[in-house]
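model32.cif follows (mmCIF, C-alpha atoms and all ligand atoms):
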data_model
loop_
_atom_site.label_atom_id
_atom_site.label_comp_id
_atom_site.auth_asym_id
_atom_site.auth_seq_id
_atom_site.Cartn_x
_atom_site.Cartn_y
_atom_site.Cartn_z
CA MET R 18 285.51 278.90 143.25
CA LYS R 19 286.45 276.46 145.97
CA ARG R 20 284.26 273.32 146.04
CA VAL R 21 283.74 271.38 149.26
CA ILE R 22 282.19 267.95 149.83
CA THR R 23 280.99 266.14 152.93
CA TYR R 24 279.24 262.81 153.54
CA GLY R 25 276.70 261.56 156.01
CA THR R 26 273.25 260.25 156.96
CA PHE R 27 271.93 263.49 158.49
CA ASP R 28 268.92 261.77 160.05
CA LEU R 29 266.74 263.72 162.51
CA LEU R 30 268.63 266.84 161.48
CA HIS R 31 270.03 268.66 164.52
CA TYR R 32 272.32 271.57 165.42
CA GLY R 33 275.41 269.31 165.39
CA HIS R 34 274.78 268.66 161.71
CA ILE R 35 274.13 272.35 161.06
CA ASN R 36 277.39 273.31 162.85
CA LEU R 37 279.25 270.89 160.59
CA LEU R 38 277.60 272.16 157.41
CA ARG R 39 278.14 275.82 158.35
CA ARG R 40 281.87 275.27 159.00
CA ALA R 41 282.21 273.13 155.86
CA LYS R 42 280.72 275.93 153.75
CA GLU R 43 283.02 278.49 155.41
CA LEU R 44 285.96 276.57 153.93
CA GLY R 45 284.87 277.27 150.34
CA ASP R 46 282.22 278.67 148.01
CA TYR R 47 280.14 275.66 147.04
CA LEU R 48 279.14 272.78 149.35
CA ILE R 49 278.08 269.35 148.10
CA VAL R 50 276.57 266.88 150.56
CA ALA R 51 276.81 263.19 149.63
CA LEU R 52 273.80 261.81 151.49
CA SER R 53 273.75 258.16 152.52
CA THR R 54 270.94 256.23 150.84
CA ASP R 55 268.60 254.09 152.96
CA GLU R 56 270.18 250.92 151.52
CA PHE R 57 273.74 252.13 152.25
CA ASN R 58 272.71 253.07 155.77
CA TRP R 59 271.27 249.65 156.44
CA ASN R 60 273.70 247.43 154.53
CA GLU R 61 276.92 249.22 155.48
CA LYS R 62 276.21 251.23 158.64
CA ARG R 63 273.48 249.13 160.19
CA LYS R 64 271.54 252.37 160.59
CA LYS R 65 267.82 252.51 159.91
CA SER R 66 267.18 256.21 159.41
CA TYR R 67 263.89 257.61 160.70
CA PHE R 68 263.48 259.80 157.60
CA GLY R 69 263.93 258.26 154.17
CA PHE R 70 266.48 259.49 151.64
CA GLU R 71 264.12 261.86 149.78
CA GLN R 72 262.96 263.46 153.06
CA ARG R 73 266.54 263.87 154.34
CA LYS R 74 267.56 265.25 150.95
CA ALA R 75 264.74 267.83 150.97
CA MET R 76 265.75 268.99 154.46
CA LEU R 77 269.40 269.38 153.49
CA GLU R 78 268.47 271.28 150.33
CA ALA R 79 266.58 273.77 152.51
CA ILE R 80 269.76 274.65 154.42
CA LYS R 81 271.39 277.85 153.17
CA TYR R 82 274.92 276.37 153.48
CA VAL R 83 274.12 273.44 151.15
CA ASP R 84 274.42 273.96 147.38
CA GLU R 85 273.93 270.42 146.10
CA VAL R 86 272.96 267.00 147.44
CA ILE R 87 274.10 263.78 145.76
CA ALA R 88 273.64 260.15 146.85
CA GLU R 89 276.20 258.19 148.81
CA ASP R 90 275.59 254.50 148.13
CA ASN R 91 279.02 252.93 148.70
CA TRP R 92 282.24 253.52 150.67
CA GLU R 93 284.46 253.63 147.57
CA GLN R 94 282.80 256.48 145.66
CA LYS R 95 284.72 259.24 147.45
CA ARG R 96 287.79 258.85 145.22
CA THR R 97 285.75 259.30 142.04
CA ASP R 98 283.40 261.90 143.51
CA ILE R 99 286.41 264.17 144.12
CA HIS R 100 287.09 264.21 140.36
CA THR R 101 283.52 264.00 139.02
CA HIS R 102 282.50 267.00 141.11
CA ASN R 103 285.82 268.91 140.91
CA VAL R 104 286.14 268.96 144.67
CA ASP R 105 288.97 270.91 146.36
CA ILE R 106 288.22 270.06 150.01
CA PHE R 107 286.79 266.95 151.69
CA VAL R 108 285.31 267.69 155.11
CA ILE R 109 283.90 265.41 157.80
CA GLY R 110 283.57 265.27 161.59
CA ASP R 111 286.60 264.20 163.63
CA ASP R 112 284.86 260.99 164.69
CA TRP R 113 286.36 259.91 161.33
CA GLN R 114 289.80 261.37 162.11
CA GLY R 115 292.44 259.89 159.78
CA LYS R 116 290.03 257.56 157.94
CA PHE R 117 289.98 259.54 154.69
CA ASP R 118 293.55 260.89 154.50
CA PHE R 119 294.03 258.79 151.32
CA LEU R 120 291.93 261.38 149.47
CA GLU R 121 294.98 263.70 149.60
CA GLU R 122 296.48 261.37 146.95
CA GLU R 123 293.70 262.63 144.68
CA GLY R 124 294.89 266.20 145.17
CA CYS R 125 292.08 267.00 147.61
CA GLN R 126 292.54 268.75 150.96
CA VAL R 127 291.11 266.67 153.86
CA VAL R 128 289.66 268.50 156.88
CA TYR R 129 288.28 266.89 160.04
CA LEU R 130 286.06 269.25 162.04
CA THR R 131 285.34 268.77 165.74
CA ARG R 132 282.02 267.13 166.44
CA THR R 133 279.45 269.17 168.38
CA PRO R 134 279.34 267.61 171.86
CA GLU R 135 276.26 266.15 173.55
CA ILE R 136 274.04 265.77 170.52
CA SER R 137 273.50 262.84 168.21
CA THR R 138 270.62 261.22 166.39
CA THR R 139 270.99 258.19 168.69
CA GLN R 140 270.79 260.47 171.76
CA ILE R 141 267.64 262.15 170.43
CA LYS R 142 265.96 258.78 169.83
CA SER R 143 266.77 257.48 173.32
CA ASP R 144 265.75 260.75 175.02
CA ILE R 145 262.38 260.69 173.28
CA LYS R 146 261.87 257.03 174.22
CA GLN R 147 262.36 257.90 177.90
CA LYS R 148 259.84 260.75 177.90
N1 LIG R 201 278.32 265.50 163.38
C1 LIG R 201 278.87 266.49 164.20
N2 LIG R 201 278.45 266.62 165.46
C2 LIG R 201 277.47 265.81 165.96
C3 LIG R 201 276.90 264.81 165.14
C4 LIG R 201 277.34 264.68 163.83
O1 LIG R 201 279.76 267.25 163.76
N3 LIG R 201 277.08 265.98 167.25
C5 LIG R 201 278.83 265.37 162.00
C6 LIG R 201 279.49 264.02 161.75
O2 LIG R 201 280.83 264.03 162.21
C7 LIG R 201 279.39 263.93 160.23
C8 LIG R 201 278.07 264.68 159.92
O3 LIG R 201 277.76 265.46 161.09
O4 LIG R 201 280.48 264.66 159.64
C9 LIG R 201 276.93 263.73 159.64
O5 LIG R 201 276.81 262.84 160.73
P1 LIG R 201 276.12 261.40 160.46
O6 LIG R 201 274.85 261.60 159.75
O7 LIG R 201 276.17 260.63 161.74
O8 LIG R 201 277.15 260.78 159.41
P2 LIG R 201 277.94 259.39 159.50
O9 LIG R 201 277.02 258.29 159.87
O10 LIG R 201 279.14 259.64 160.31
O11 LIG R 201 278.28 259.17 157.95
O12 LIG R 201 281.05 258.02 154.30
C10 LIG R 201 280.95 258.78 155.49
C11 LIG R 201 279.67 258.48 156.22
O13 LIG R 201 278.56 258.56 155.35
C12 LIG R 201 279.50 259.46 157.37
#

Would you write the structure of this file as structure tokens?
Amino acid sequence: MKRVITYGTFDLLHYGHINLLRRAKELGDYLIVALSTDEFNWNEKRKKSYFGFEQRKAMLEAIKYVDEVIAEDNWEQKRTDIHTHNVDIFVIGDDWQGKFDFLEEEGCQVVYLTRTPEISTTQIKSDIKQK
């Protein structure tokens, strides 16, 4: 049973997120999503998500590729998450290329998947503003 983990905000869920989650699940049997809390988003990423944590969590849990959602509330938790959740593969979009290679020291495979072009939460927000 291969266990996969990925991290993110997943605000205004869109097909780029779904493409990522689908490919992440294809790499194993069980997919955990570490979902950024509202505080982490604001304090560390300067992102104010449109949907709050519980709403984003409920949406992710409704996706057939997602088996479990946990909270991401700091940058450092990845190292311990790998062990706590018996993770075999860490996956994230290639906008983070190289940033998490250190997780290989924890015996975890690190995979960067290509981002889906032309879609982002920021793009959605600005498109709607212009309508
Ligand atoms: N993504 C994608 N294609 C897009 C948009 C997003 O593949 N068009 C991927 C991102 O690369 C990421 C995931 O979807 O792997 C979630 O994207 P965000 O919610 O923007 O996550 P981010 O803010 O990058 O948070 O500790 C890691 C961070 O929490 C990652």

Would you kindly return, as a PDB file with C-alpha atoms, in the frame of the given file, each protein, DNA or RNA residue with an atom no farther than 10 Å from any atom of Lys42 of chain R, considering all atoms listed in the file and excluding same-chain residues fewer than 2 positions away?
ATOM      1  CA  LYS R  19     286.450 276.460 145.970  1.00  0.00           C
ATOM      2  CA  ARG R  20     284.260 273.320 146.040  1.00  0.00           C
ATOM      3  CA  VAL R  21     283.740 271.380 149.260  1.00  0.00           C
ATOM      4  CA  ILE R  22     282.190 267.950 149.830  1.00  0.00           C
ATOM      5  CA  THR R  23     280.990 266.140 152.930  1.00  0.00           C
ATOM      6  CA  LEU R  37     279.250 270.890 160.590  1.00  0.00           C
ATOM      7  CA  LEU R  38     277.600 272.160 157.410  1.00  0.00           C
ATOM      8  CA  ARG R  39     278.140 275.820 158.350  1.00  0.00           C
ATOM      9  CA  ARG R  40     281.870 275.270 159.000  1.00  0.00           C
ATOM     10  CA  LEU R  44     285.960 276.570 153.930  1.00  0.00           C
ATOM     11  CA  GLY R  45     284.870 277.270 150.340  1.00  0.00           C
ATOM     12  CA  ASP R  46     282.220 278.670 148.010  1.00  0.00           C
ATOM     13  CA  TYR R  47     280.140 275.660 147.040  1.00  0.00           C
ATOM     14  CA  LEU R  48     279.140 272.780 149.350  1.00  0.00           C
ATOM     15  CA  ILE R  49     278.080 269.350 148.100  1.00  0.00           C
ATOM     16  CA  LYS R  81     271.390 277.850 153.170  1.00  0.00           C
ATOM     17  CA  TYR R  82     274.920 276.370 153.480  1.00  0.00           C
ATOM     18  CA  VAL R  83     274.120 273.440 151.150  1.00  0.00           C
ATOM     19  CA  ASP R  84     274.420 273.960 147.380  1.00  0.00           C
ATOM     20  CA  VAL R 108     285.310 267.690 155.110  1.00  0.00           C
TER      21      VAL R 108
END

Give me the residues near Tyr24 of chain R as JSON, numbers by chain, where near means some atom within 9 Å (using all atoms listed in the file) and where sequence neighbours in that chain fewer than 2 positions away do not count.
{"R": [22, 26, 27, 49, 50, 51, 52, 53, 89, 95, 107, 108, 109]}

What does the distance between atom CA of Met76 of chain R and atom CA of Phe57 of chain R come to in Å, to one decimal place?
18.8 Å

Using atom CA of Leu130 of chain R and atom CA of Ile145 of chain R as the two end points, give the distance in Å to one decimal.
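Between these atoms lies a distance of 27.6 Å.
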
Check the smallest atom-to-atom distance from each of R:Asp98, R:Gln114, R:Glu123, R:Leu29 to Gly69 of chain R using only C-alpha atoms, then report the winner.
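Checking each of R:Asp98, R:Gln114, R:Glu123, R:Leu29 against Gly69 of chain R, counting only C-alpha atoms, the winner is R:Leu29.
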
Residue with smallest distance to ligand LIG 201 (chain R) - pool R:Asn91, R:Gln126, R:Gln72, R:Ser143, counting only C-alpha atoms and all ligand atoms
R:Asn91

Computed interatomic separation between atom CA of Asp90 of chain R and atom O10 of ligand LIG 201 (chain R) (Å):
13.7 Å

Name the residues, using the chain letters and numbers of the file, that sit within 8 Å of (269.4, 271.1, 157.5) when counting only C-alpha atoms, and give them as an mmCIF file with C-alpha atoms, in the coordinates of the input.
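This is the output file result-v8.cif:
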data_model
loop_
_atom_site.group_PDB
_atom_site.id
_atom_site.type_symbol
_atom_site.label_atom_id
_atom_site.label_comp_id
_atom_site.auth_asym_id
_atom_site.auth_seq_id
_atom_site.Cartn_x
_atom_site.Cartn_y
_atom_site.Cartn_z
ATOM 1 C CA LEU R 30 268.630 266.840 161.480
ATOM 2 C CA HIS R 31 270.030 268.660 164.520
ATOM 3 C CA HIS R 34 274.780 268.660 161.710
ATOM 4 C CA ILE R 35 274.130 272.350 161.060
ATOM 5 C CA MET R 76 265.750 268.990 154.460
ATOM 6 C CA LEU R 77 269.400 269.380 153.490
ATOM 7 C CA GLU R 78 268.470 271.280 150.330
ATOM 8 C CA ALA R 79 266.580 273.770 152.510
ATOM 9 C CA ILE R 80 269.760 274.650 154.420
#

The centre and edge lengths of an axis-aligned box containing all atoms of segment 70-78 of chain R present in the file, extended by 4 Å on each side, are to be given in Å to one decimal, as lines of an AutoDock Vina configuration file.
center_x = 266.2
center_y = 265.4
center_z = 152.1
size_x = 14.4
size_y = 19.8
size_z = 12.7

Around (269.0, 253.2, 164.1), as given in the file, which residues come within 10 Å? Count all atoms listed in the file and list them as a list in words.
Asp28, Asn58, Trp59, Lys62, Arg63, Lys64, Lys65, Ser66, Tyr67, Thr138, Thr139 and Lys142 of chain R

My list of candidates is R:Glu71, R:Glu61, R:Glu43, R:Glu56. Which is closest to Ile106 of chain R when distances are computed with all atoms listed in the file?
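Checking each candidate against Ile106 of chain R, we get R:Glu43 as the closest.
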
Given the choices R:Trp92, R:Asp144, R:Pro134, R:Glu85, which gets closest to Gly110 of chain R if the distance is worked out from all atoms listed in the file?
R:Pro134

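Using only C-alpha atoms, the nearest neighbour of Glu93 of chain R within the list R:Thr133, R:Lys148, R:Gln140, R:Phe117 is R:Phe117.
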
Can you work out which one of R:Thr54, R:Ser137, R:Asn60, R:Thr101 has the shortest atom-to-atom distance to ligand LIG 201 (chain R), counting all atoms listed in the file?
R:Ser137
